[in-house]
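> So that you have it, the file is entry_16.cif, and it contains mmCIF, C-alpha atoms and all ligand atoms:
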data_protein
loop_
_atom_site.group_PDB
_atom_site.id
_atom_site.type_symbol
_atom_site.label_atom_id
_atom_site.label_comp_id
_atom_site.auth_asym_id
_atom_site.auth_seq_id
_atom_site.Cartn_x
_atom_site.Cartn_y
_atom_site.Cartn_z
ATOM 1 C CA MET A 7 -0.565 26.340 3.360
ATOM 2 C CA SER A 8 -0.904 24.828 6.812
ATOM 3 C CA LEU A 9 -1.885 21.539 8.376
ATOM 4 C CA ALA A 10 -5.438 22.811 8.574
ATOM 5 C CA SER A 11 -5.547 23.196 4.821
ATOM 6 C CA LEU A 12 -6.108 19.492 4.176
ATOM 7 C CA ARG A 13 -9.178 18.048 5.844
ATOM 8 C CA PRO A 14 -10.092 14.853 4.052
ATOM 9 C CA ILE A 15 -13.316 13.170 5.125
ATOM 10 C CA PRO A 16 -12.665 9.505 6.019
ATOM 11 C CA LEU A 17 -15.339 7.280 4.461
ATOM 12 C CA HIS A 18 -15.360 3.657 5.564
ATOM 13 C CA ALA A 19 -15.678 1.085 2.788
ATOM 14 C CA GLY A 20 -17.796 -1.218 4.996
ATOM 15 C CA ASN A 21 -15.746 -4.330 4.268
ATOM 16 C CA PRO A 22 -14.441 -5.917 7.484
ATOM 17 C CA GLY A 23 -12.950 -9.368 6.972
ATOM 18 C CA PRO A 24 -10.003 -11.701 7.543
ATOM 19 C CA PHE A 25 -7.738 -9.876 5.068
ATOM 20 C CA THR A 26 -8.872 -6.289 5.673
ATOM 21 C CA GLY A 27 -9.171 -6.254 9.484
ATOM 22 C CA GLU A 28 -11.804 -3.681 10.337
ATOM 23 C CA GLY A 29 -12.053 -2.816 6.652
ATOM 24 C CA ASN A 30 -10.750 -0.034 4.445
ATOM 25 C CA TRP A 31 -10.713 3.716 4.757
ATOM 26 C CA THR A 32 -11.226 5.846 1.701
ATOM 27 C CA TYR A 33 -10.763 9.627 1.879
ATOM 28 C CA LEU A 34 -12.767 12.393 0.277
ATOM 29 C CA ILE A 35 -11.242 15.827 -0.301
ATOM 30 C CA PRO A 36 -14.434 17.876 -0.428
ATOM 31 C CA GLY A 37 -15.174 21.000 -2.446
ATOM 32 C CA ASP A 38 -15.770 21.703 -6.114
ATOM 33 C CA ALA A 39 -14.761 18.616 -8.112
ATOM 34 C CA PRO A 40 -14.095 16.525 -4.981
ATOM 35 C CA VAL A 41 -11.359 13.917 -5.071
ATOM 36 C CA LEU A 42 -11.775 10.433 -3.583
ATOM 37 C CA ILE A 43 -8.729 8.370 -2.583
ATOM 38 C CA ASP A 44 -9.496 4.658 -3.188
ATOM 39 C CA ALA A 45 -12.745 3.206 -4.457
ATOM 40 C CA GLY A 46 -13.795 0.775 -1.690
ATOM 41 C CA VAL A 47 -15.694 -2.325 -2.721
ATOM 42 C CA GLY A 48 -19.094 -0.966 -3.766
ATOM 43 C CA GLN A 49 -20.880 -1.404 -0.431
ATOM 44 C CA ALA A 50 -24.160 0.560 -0.293
ATOM 45 C CA SER A 51 -23.092 2.161 3.009
ATOM 46 C CA HIS A 52 -19.935 3.518 1.367
ATOM 47 C CA LEU A 53 -21.776 4.860 -1.685
ATOM 48 C CA ASP A 54 -24.403 6.490 0.545
ATOM 49 C CA ALA A 55 -21.731 8.140 2.711
ATOM 50 C CA LEU A 56 -20.049 9.375 -0.452
ATOM 51 C CA ALA A 57 -23.361 10.747 -1.746
ATOM 52 C CA ALA A 58 -23.984 12.541 1.557
ATOM 53 C CA ALA A 59 -20.539 14.177 1.502
ATOM 54 C CA ALA A 60 -20.461 14.880 -2.240
ATOM 55 C CA PRO A 61 -23.949 14.773 -3.781
ATOM 56 C CA ALA A 62 -22.623 15.238 -7.327
ATOM 57 C CA GLY A 63 -20.103 12.466 -6.732
ATOM 58 C CA PRO A 64 -16.334 12.545 -6.937
ATOM 59 C CA GLY A 65 -14.788 14.322 -9.897
ATOM 60 C CA ARG A 66 -11.794 12.041 -9.699
ATOM 61 C CA VAL A 67 -11.109 8.771 -7.927
ATOM 62 C CA LEU A 68 -7.405 8.101 -7.292
ATOM 63 C CA VAL A 69 -6.751 4.417 -6.597
ATOM 64 C CA THR A 70 -3.631 3.581 -4.567
ATOM 65 C CA HIS A 71 -3.345 0.078 -6.084
ATOM 66 C CA VAL A 72 -5.466 -2.577 -7.699
ATOM 67 C CA HIS A 73 -5.944 -4.977 -4.751
ATOM 68 C CA THR A 74 -9.629 -5.832 -4.483
ATOM 69 C CA ASP A 75 -10.317 -3.915 -1.259
ATOM 70 C CA HIS A 76 -9.173 -0.677 -2.930
ATOM 71 C CA ALA A 77 -10.459 -0.991 -6.518
ATOM 72 C CA THR A 78 -13.574 -3.206 -6.582
ATOM 73 C CA GLY A 79 -15.921 -0.274 -5.963
ATOM 74 C CA ALA A 80 -14.906 1.605 -9.113
ATOM 75 C CA PRO A 81 -17.704 0.250 -11.361
ATOM 76 C CA ALA A 82 -20.362 0.962 -8.692
ATOM 77 C CA ILE A 83 -19.123 4.550 -8.364
ATOM 78 C CA ALA A 84 -19.061 4.879 -12.166
ATOM 79 C CA SER A 85 -22.619 3.661 -12.536
ATOM 80 C CA ARG A 86 -23.913 6.043 -9.842
ATOM 81 C CA TRP A 87 -21.835 9.044 -11.033
ATOM 82 C CA PRO A 88 -20.987 8.529 -14.725
ATOM 83 C CA ALA A 89 -18.808 11.661 -14.898
ATOM 84 C CA ALA A 90 -16.327 10.348 -12.301
ATOM 85 C CA GLU A 91 -12.816 9.680 -13.623
ATOM 86 C CA PHE A 92 -10.659 6.805 -12.370
ATOM 87 C CA TRP A 93 -6.894 7.193 -12.132
ATOM 88 C CA LYS A 94 -4.080 4.827 -11.082
ATOM 89 C CA TRP A 95 -0.623 3.556 -11.996
ATOM 90 C CA PRO A 96 -1.323 1.124 -14.853
ATOM 91 C CA TRP A 97 -1.149 -2.641 -14.215
ATOM 92 C CA PRO A 98 -3.244 -3.580 -17.268
ATOM 93 C CA GLU A 99 -3.835 -7.299 -16.710
ATOM 94 C CA LYS A 100 -5.116 -6.651 -13.178
ATOM 95 C CA ASP A 101 -6.886 -3.349 -13.859
ATOM 96 C CA ALA A 102 -9.060 -5.055 -16.498
ATOM 97 C CA ARG A 103 -10.939 -6.897 -13.731
ATOM 98 C CA PHE A 104 -12.643 -3.621 -12.838
ATOM 99 C CA ALA A 105 -14.554 -2.343 -15.843
ATOM 100 C CA VAL A 106 -14.021 1.408 -15.803
ATOM 101 C CA PRO A 107 -11.915 3.500 -18.180
ATOM 102 C CA TRP A 108 -8.720 3.710 -16.120
ATOM 103 C CA ARG A 109 -6.536 6.749 -16.751
ATOM 104 C CA PRO A 110 -2.798 6.565 -16.090
ATOM 105 C CA LEU A 111 -0.966 8.300 -13.262
ATOM 106 C CA ARG A 112 2.834 8.530 -13.342
ATOM 107 C CA ASP A 113 5.452 9.375 -10.767
ATOM 108 C CA GLY A 114 5.662 13.129 -10.301
ATOM 109 C CA ASP A 115 2.232 13.878 -11.770
ATOM 110 C CA ARG A 116 0.240 16.552 -9.989
ATOM 111 C CA VAL A 117 -3.463 16.106 -9.384
ATOM 112 C CA ALA A 118 -5.582 19.179 -8.711
ATOM 113 C CA THR A 119 -7.897 18.888 -5.697
ATOM 114 C CA PRO A 120 -10.081 21.432 -3.892
ATOM 115 C CA ALA A 121 -7.232 21.625 -1.301
ATOM 116 C CA ASP A 122 -4.232 22.306 -3.560
ATOM 117 C CA ASP A 123 -2.421 19.727 -5.675
ATOM 118 C CA LEU A 124 -1.474 16.217 -4.655
ATOM 119 C CA GLU A 125 1.812 14.892 -6.001
ATOM 120 C CA VAL A 126 1.838 11.322 -7.256
ATOM 121 C CA ILE A 127 4.611 9.161 -5.779
ATOM 122 C CA HIS A 128 5.187 5.665 -7.161
ATOM 123 C CA THR A 129 5.749 3.442 -4.124
ATOM 124 C CA PRO A 130 5.997 -0.160 -5.391
ATOM 125 C CA GLY A 131 6.712 -3.113 -3.089
ATOM 126 C CA HIS A 132 3.399 -4.185 -1.562
ATOM 127 C CA SER A 133 2.248 -4.249 -5.198
ATOM 128 C CA PRO A 134 3.981 -3.027 -8.362
ATOM 129 C CA ASP A 135 1.310 -0.391 -9.061
ATOM 130 C CA HIS A 136 1.210 1.164 -5.585
ATOM 131 C CA LEU A 137 0.954 4.960 -5.356
ATOM 132 C CA ALA A 138 1.078 7.426 -2.482
ATOM 133 C CA PHE A 139 -0.357 10.937 -2.781
ATOM 134 C CA TRP A 140 1.665 13.731 -1.181
ATOM 135 C CA HIS A 141 0.216 17.059 -0.088
ATOM 136 C CA ALA A 142 3.268 19.291 0.222
ATOM 137 C CA GLY A 143 1.536 22.236 1.895
ATOM 138 C CA SER A 144 0.562 20.197 4.957
ATOM 139 C CA ARG A 145 3.356 17.548 4.694
ATOM 140 C CA THR A 146 0.682 14.869 4.815
ATOM 141 C CA VAL A 147 0.401 11.834 2.622
ATOM 142 C CA PHE A 148 -2.176 9.262 1.613
ATOM 143 C CA VAL A 149 -0.294 5.980 1.927
ATOM 144 C CA GLY A 150 -2.709 3.228 0.872
ATOM 145 C CA ASP A 151 -1.158 -0.037 2.080
ATOM 146 C CA LEU A 152 2.365 1.320 2.549
ATOM 147 C CA LEU A 153 1.916 1.862 6.310
ATOM 148 C CA VAL A 154 -0.521 0.388 8.856
ATOM 149 C CA LEU A 155 -0.259 1.374 12.510
ATOM 150 C CA GLY A 156 0.271 -1.544 14.910
ATOM 151 C CA THR A 157 1.353 -4.114 12.356
ATOM 152 C CA THR A 158 3.630 -4.676 9.392
ATOM 153 C CA VAL A 159 2.671 -4.639 5.734
ATOM 154 C CA PHE A 160 2.321 -7.901 3.831
ATOM 155 C CA ILE A 161 4.660 -8.309 0.838
ATOM 156 C CA PRO A 162 3.093 -10.981 -1.429
ATOM 157 C CA ALA A 163 6.311 -12.271 -3.003
ATOM 158 C CA SER A 164 4.482 -14.624 -5.389
ATOM 159 C CA SER A 165 1.992 -12.071 -6.707
ATOM 160 C CA GLY A 166 3.744 -8.819 -7.481
ATOM 161 C CA GLY A 167 5.266 -8.003 -4.081
ATOM 162 C CA ASN A 168 8.933 -6.971 -3.938
ATOM 163 C CA LEU A 169 10.699 -6.282 -0.657
ATOM 164 C CA SER A 170 13.615 -4.336 -2.184
ATOM 165 C CA ASP A 171 11.130 -2.027 -3.891
ATOM 166 C CA TYR A 172 9.119 -1.710 -0.679
ATOM 167 C CA LEU A 173 12.160 -0.678 1.375
ATOM 168 C CA ARG A 174 13.112 1.887 -1.282
ATOM 169 C CA SER A 175 9.547 3.228 -1.197
ATOM 170 C CA LEU A 176 9.728 3.585 2.597
ATOM 171 C CA GLU A 177 13.079 5.410 2.364
ATOM 172 C CA ARG A 178 11.645 7.741 -0.251
ATOM 173 C CA LEU A 179 8.644 8.534 1.924
ATOM 174 C CA LEU A 180 10.872 9.060 4.981
ATOM 175 C CA ALA A 181 12.979 11.574 3.047
ATOM 176 C CA LEU A 182 9.871 13.732 2.537
ATOM 177 C CA GLU A 183 9.593 14.137 6.340
ATOM 178 C CA PRO A 184 5.832 13.610 6.480
ATOM 179 C CA VAL A 185 4.024 14.704 9.648
ATOM 180 C CA ARG A 186 0.821 12.762 9.106
ATOM 181 C CA ALA A 187 -0.216 9.781 6.985
ATOM 182 C CA TRP A 188 -3.700 8.652 6.004
ATOM 183 C CA PRO A 189 -3.644 4.848 5.602
ATOM 184 C CA ALA A 190 -6.176 2.533 3.964
ATOM 185 C CA HIS A 191 -6.261 0.399 7.130
ATOM 186 C CA GLY A 192 -6.290 1.479 10.753
ATOM 187 C CA PRO A 193 -6.097 4.902 12.387
ATOM 188 C CA VAL A 194 -4.444 8.050 11.067
ATOM 189 C CA ILE A 195 -0.671 7.903 11.608
ATOM 190 C CA GLU A 196 0.538 11.014 13.436
ATOM 191 C CA ASP A 197 4.261 10.186 13.359
ATOM 192 C CA PRO A 198 4.850 8.341 10.116
ATOM 193 C CA ALA A 199 8.627 8.810 10.257
ATOM 194 C CA ALA A 200 8.819 6.858 13.536
ATOM 195 C CA LEU A 201 6.704 4.038 12.083
ATOM 196 C CA ILE A 202 8.849 3.894 8.931
ATOM 197 C CA ARG A 203 12.004 3.622 11.044
ATOM 198 C CA GLN A 204 10.395 0.774 13.036
ATOM 199 C CA TYR A 205 9.509 -0.957 9.768
ATOM 200 C CA LEU A 206 13.069 -0.614 8.429
ATOM 201 C CA ASP A 207 14.468 -2.013 11.718
ATOM 202 C CA HIS A 208 12.001 -4.887 11.686
ATOM 203 C CA ARG A 209 12.950 -5.879 8.128
ATOM 204 C CA ARG A 210 16.661 -5.700 8.951
ATOM 205 C CA GLN A 211 16.095 -8.026 11.931
ATOM 206 C CA ARG A 212 14.015 -10.405 9.825
ATOM 207 C CA GLU A 213 16.674 -10.425 7.120
ATOM 208 C CA ALA A 214 19.314 -11.308 9.710
ATOM 209 C CA GLN A 215 17.121 -14.204 10.902
ATOM 210 C CA VAL A 216 16.697 -15.513 7.351
ATOM 211 C CA LEU A 217 20.431 -15.241 6.709
ATOM 212 C CA SER A 218 21.314 -17.062 9.909
ATOM 213 C CA ALA A 219 18.820 -19.833 9.094
ATOM 214 C CA LEU A 220 20.453 -20.173 5.661
ATOM 215 C CA ALA A 221 23.911 -20.177 7.228
ATOM 216 C CA SER A 222 22.913 -23.011 9.543
ATOM 217 C CA GLY A 223 21.780 -25.112 6.593
ATOM 218 C CA VAL A 224 18.027 -24.531 6.670
ATOM 219 C CA SER A 225 17.370 -24.269 2.958
ATOM 220 C CA THR A 226 13.706 -24.217 1.913
ATOM 221 C CA ALA A 227 11.215 -21.402 2.365
ATOM 222 C CA ASP A 228 8.962 -23.737 4.400
ATOM 223 C CA ALA A 229 11.772 -24.779 6.735
ATOM 224 C CA ILE A 230 12.993 -21.209 7.187
ATOM 225 C CA THR A 231 9.427 -20.107 7.965
ATOM 226 C CA ALA A 232 9.107 -22.817 10.616
ATOM 227 C CA ALA A 233 12.503 -21.883 12.055
ATOM 228 C CA ILE A 234 11.921 -18.161 12.501
ATOM 229 C CA TYR A 235 8.195 -17.765 13.187
ATOM 230 C CA PHE A 236 7.432 -18.682 16.777
ATOM 231 C CA ARG A 237 4.264 -20.794 17.283
ATOM 232 C CA LEU A 238 2.877 -20.018 13.869
ATOM 233 C CA THR A 239 -0.795 -20.974 13.497
ATOM 234 C CA PRO A 240 -1.498 -23.002 10.335
ATOM 235 C CA ALA A 241 -3.834 -20.327 8.973
ATOM 236 C CA LEU A 242 -1.023 -17.761 8.981
ATOM 237 C CA ALA A 243 1.678 -20.050 7.580
ATOM 238 C CA PRO A 244 1.118 -19.165 3.900
ATOM 239 C CA MET A 245 1.485 -15.435 4.597
ATOM 240 C CA ALA A 246 4.586 -15.995 6.717
ATOM 241 C CA ARG A 247 6.063 -18.124 3.931
ATOM 242 C CA GLU A 248 5.424 -15.320 1.413
ATOM 243 C CA SER A 249 7.253 -12.913 3.730
ATOM 244 C CA VAL A 250 10.210 -15.278 3.953
ATOM 245 C CA LEU A 251 10.196 -15.616 0.161
ATOM 246 C CA ALA A 252 10.191 -11.825 -0.134
ATOM 247 C CA HIS A 253 13.355 -11.750 1.982
ATOM 248 C CA LEU A 254 14.952 -14.555 -0.041
ATOM 249 C CA HIS A 255 14.240 -12.729 -3.305
ATOM 250 C CA LYS A 256 15.789 -9.556 -1.896
ATOM 251 C CA LEU A 257 18.872 -11.451 -0.694
ATOM 252 C CA GLU A 258 19.174 -12.994 -4.155
ATOM 253 C CA GLN A 259 18.896 -9.539 -5.767
ATOM 254 C CA ASP A 260 21.579 -8.294 -3.365
ATOM 255 C CA GLY A 261 23.880 -11.204 -4.295
ATOM 256 C CA ARG A 262 23.760 -12.611 -0.761
ATOM 257 C CA ALA A 263 21.680 -15.760 -1.369
ATOM 258 C CA ARG A 264 21.557 -18.263 -4.192
ATOM 259 C CA ARG A 265 18.671 -20.401 -5.357
ATOM 260 C CA ASP A 266 18.748 -23.920 -6.728
ATOM 261 C CA GLY A 267 15.178 -25.073 -7.359
ATOM 262 C CA GLU A 268 13.428 -25.047 -3.976
ATOM 263 C CA CYS A 269 16.706 -24.829 -2.080
ATOM 264 C CA TRP A 270 18.436 -21.658 -0.961
ATOM 265 C CA THR A 271 21.990 -21.174 0.273
ATOM 266 C CA VAL A 272 24.149 -18.252 1.361
ATOM 267 C CA ALA A 273 25.917 -16.851 -1.712
HETATM 268 ZN ZN ZN B 301 -3.055 -4.072 -0.815
#
Could you write out this file's structure as structure tokens?


Amino acid sequence: MSLASLRPIPLHAGNPGPFTGEGNWTYLIPGDAPVLIDAGVGQASHLDALAAAAPAGPGRVLVTHVHTDHATGAPAIASRWPAAEFWKWPWPEKDARFAVPWRPLRDGDRVATPADDLEVIHTPGHSPDHLAFWHAGSRTVFVGDLLVLGTTVFIPASSGGNLSDYLRSLERLLALEPVRAWPAHGPVIEDPAALIRQYLDHRRQREAQVLSALASGVSTADAITAAIYFRLTPALAPMARESVLAHLHKLEQDGRARRDGECWTVA
């Protein structure tokens, strides 16, 4: 197998907005029984592009995680192509919002595609159900929301995000030595290892900032957010606070911070 052996067709989900930036990419691996990575949101433009690239529809739809910009389109795809199968790591209470018969994927599963198998890699952190799909022959990987060029990935600490898990997922991906990554947001990533190293550095720096705020007696998530985010606009404050909380939870897990109600101290 070579790099040329995996040529997914990027299909835009047509959903630009405040939380998705320019919107989501989904990827079609064409051929007999084509495989679609992520379901989009059911926009007509996405379904039409899918129909043009795969008139009989996708045989399988692999969903990286259940966030709305990745999973909402599943019922629309199912109603247009009833034979399509929908696969993801189970998160039952969230998956139920999208009424298709979800089938379970587990870490290490192999999914047949027209371009050789994809290996399923559980990569929790951004969400507990997050999966990446690894194509060993070309050393390329579909990364969902694990990596986004030009920015960092949001860890929603209050709704299933876990920074410790996320860092472990990044380390696991780095160990595979990928040469290309196909993300759900932004352009194709040609040097994913470099981006992962930047991400790991960034989180280490952020953790040091949170620890030094704690050490100087700043004790609530709000106060720490105000202390370490320079000129934060009010609209972004809730997301910044979630990021700080993600760090605090990790420090607590590591035995380096202690929580007492809303107040945090160095352990
Ligand atoms: Zn997401």

> Given the file shown, determine the residues that the PyMOL selection byres (((chain A and resi 26-29) around 12) and not hetatm) selects; report them as a ChimeraX atom specification.

/A:17-25,30-32,46-47,49,52,73-76,151,154,156-157,159-160,189-193

> What is the distance, in Å and to one decimal place, between atom CA of Asp115 of chain A and atom CA of Ile127 of chain A?

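Separation between atom CA of Asp115 of chain A and atom CA of Ile127 of chain A: 8.0 Å.
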
> Residues picked by the PyMOL selection byres (((chain A and resi 243) around 12) and not hetatm) here, as a PyMOL selection string?

chain A and resi 227-242+244-250

> Skipping near chain neighbours, those fewer than 5 positions away, what residues fall within 12 Å of Ala58 of chain A using only C-alpha atoms, listed as a list in words?

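Answer for this query is Ile15, Leu17, Leu34, Pro36, Ser51, His52, Leu53, Gly63 and Pro64 of chain A.
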
> Rounded to one decimal in Å, what is the spacing between atom CA of Val185 of chain A and atom CA of Ile35 of chain A?

18.3 Å

> Take the PyMOL selection byres (((chain A and resi 125) around 8) and not hetatm), run it mentally on this structure, and tell me the resulting residues as number ranges by chain.

A: 114-117, 123-124, 126-127, 139-142

> Measuring atom to atom with all atoms listed in the file, identify which of A:Ala57, A:Val149, A:Val272, A:Val72 is nearest to ligand ZN 301 (chain B).

A:Val72

> Report the distance between atom CA of Arg109 of chain A and atom CA of Gly79 of chain A in Å, rounded to one decimal place.

15.9 Å

> Counting only C-alpha atoms, write as a PyMOL selection string all protein and nucleic acid residues lying at most 9 Å from (13.8, -27.5, -1.7) in the file's frame.

chain A and resi 225-228+266-270

> Name all residues at most 8 Å from Phe104 of chain A (count only C-alpha atoms; drop same-chain ones fewer than 6 positions away) and give them as a VMD selection string.

chain A and resid 77 to 78 80 to 81

> Using all atoms listed in the file, which of A:Leu152, A:Ala84, A:Leu251, A:Ala60 sits nearest ligand ZN 301 (chain B)?

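Residue with the minimum atom-to-atom distance to ligand ZN 301 (chain B): A:Leu152.
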
> Using all atoms listed in the file, what residues lie at most 10 Å away from (-14.4, 14.6, -5.4) (file coordinates), given as a list in words?

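All residues meeting the 10 Å criterion around (-14.4, 14.6, -5.4) are Tyr33, Leu34, Ile35, Pro36, Gly37, Asp38, Ala39, Pro40, Val41, Leu42, Ile43, Leu56, Ala59, Ala60, Pro61, Ala62, Gly63, Pro64, Gly65, Arg66, Val67, Leu68, Ala90, Glu91, Thr119 and Pro120 of chain A.
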
> I want to know what sits within 6 Å of segment 195-206 of chain A, based on only C-alpha atoms, with residues of the same chain fewer than 4 positions away left out; could you give that as a short mmCIF file (atom, residue, chain, number, x, y, z; two decimals) with C-alpha atoms, in the coordinates of the input?


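Result file is selection.cif:
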data_model
loop_
_atom_site.label_atom_id
_atom_site.label_comp_id
_atom_site.auth_asym_id
_atom_site.auth_seq_id
_atom_site.Cartn_x
_atom_site.Cartn_y
_atom_site.Cartn_z
CA LEU A 180 10.87 9.06 4.98
CA VAL A 185 4.02 14.70 9.65
CA ARG A 186 0.82 12.76 9.11
CA ALA A 187 -0.22 9.78 6.98
#

> Given the choices A:Val106, A:Leu137, A:Leu257, A:Leu220, which gets closest to ligand ZN 301 (chain B) if the distance is worked out from all atoms listed in the file?

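For ligand ZN 301 (chain B), the nearest of the candidates is A:Leu137.
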
> Rebuild segment 26-40 of chain A so that it carries N, CA and C atoms, then output the result as a short mmCIF file (atom, residue, chain, number, x, y, z; two decimals), keeping the file's coordinate frame.


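The resulting file, rebuild_9.cif, is shown below:
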data_model
loop_
_atom_site.label_atom_id
_atom_site.label_comp_id
_atom_site.auth_asym_id
_atom_site.auth_seq_id
_atom_site.Cartn_x
_atom_site.Cartn_y
_atom_site.Cartn_z
N THR A 26 -8.83 -7.75 5.61
CA THR A 26 -8.87 -6.29 5.67
C THR A 26 -8.97 -5.79 7.10
N GLY A 27 -9.00 -6.70 8.10
CA GLY A 27 -9.17 -6.25 9.48
C GLY A 27 -10.53 -5.61 9.64
N GLU A 28 -10.53 -4.39 10.16
CA GLU A 28 -11.80 -3.68 10.34
C GLU A 28 -12.35 -3.14 9.02
N GLY A 29 -11.62 -3.32 7.96
CA GLY A 29 -12.05 -2.82 6.65
C GLY A 29 -11.23 -1.61 6.23
N ASN A 30 -11.56 -1.08 5.06
CA ASN A 30 -10.75 -0.03 4.44
C ASN A 30 -11.30 1.36 4.70
N TRP A 31 -10.36 2.31 4.81
CA TRP A 31 -10.71 3.72 4.76
C TRP A 31 -10.48 4.25 3.35
N THR A 32 -11.45 5.02 2.88
CA THR A 32 -11.23 5.85 1.70
C THR A 32 -11.31 7.29 2.19
N TYR A 33 -10.81 8.24 1.41
CA TYR A 33 -10.76 9.63 1.88
C TYR A 33 -11.29 10.55 0.80
N LEU A 34 -12.21 11.42 1.20
CA LEU A 34 -12.77 12.39 0.28
C LEU A 34 -12.20 13.78 0.59
N ILE A 35 -11.64 14.42 -0.43
CA ILE A 35 -11.24 15.83 -0.30
C ILE A 35 -12.40 16.63 -0.88
N PRO A 36 -13.18 17.27 0.02
CA PRO A 36 -14.43 17.88 -0.43
C PRO A 36 -14.21 19.24 -1.09
N GLY A 37 -15.24 19.70 -1.77
CA GLY A 37 -15.17 21.00 -2.45
C GLY A 37 -15.71 20.85 -3.86
N ASP A 38 -15.40 21.84 -4.70
CA ASP A 38 -15.77 21.70 -6.11
C ASP A 38 -14.90 20.61 -6.72
N ALA A 39 -15.49 19.75 -7.53
CA ALA A 39 -14.76 18.62 -8.11
C ALA A 39 -14.01 17.84 -7.03
N PRO A 40 -14.75 17.25 -6.07
CA PRO A 40 -14.10 16.52 -4.98
C PRO A 40 -13.27 15.34 -5.50
#
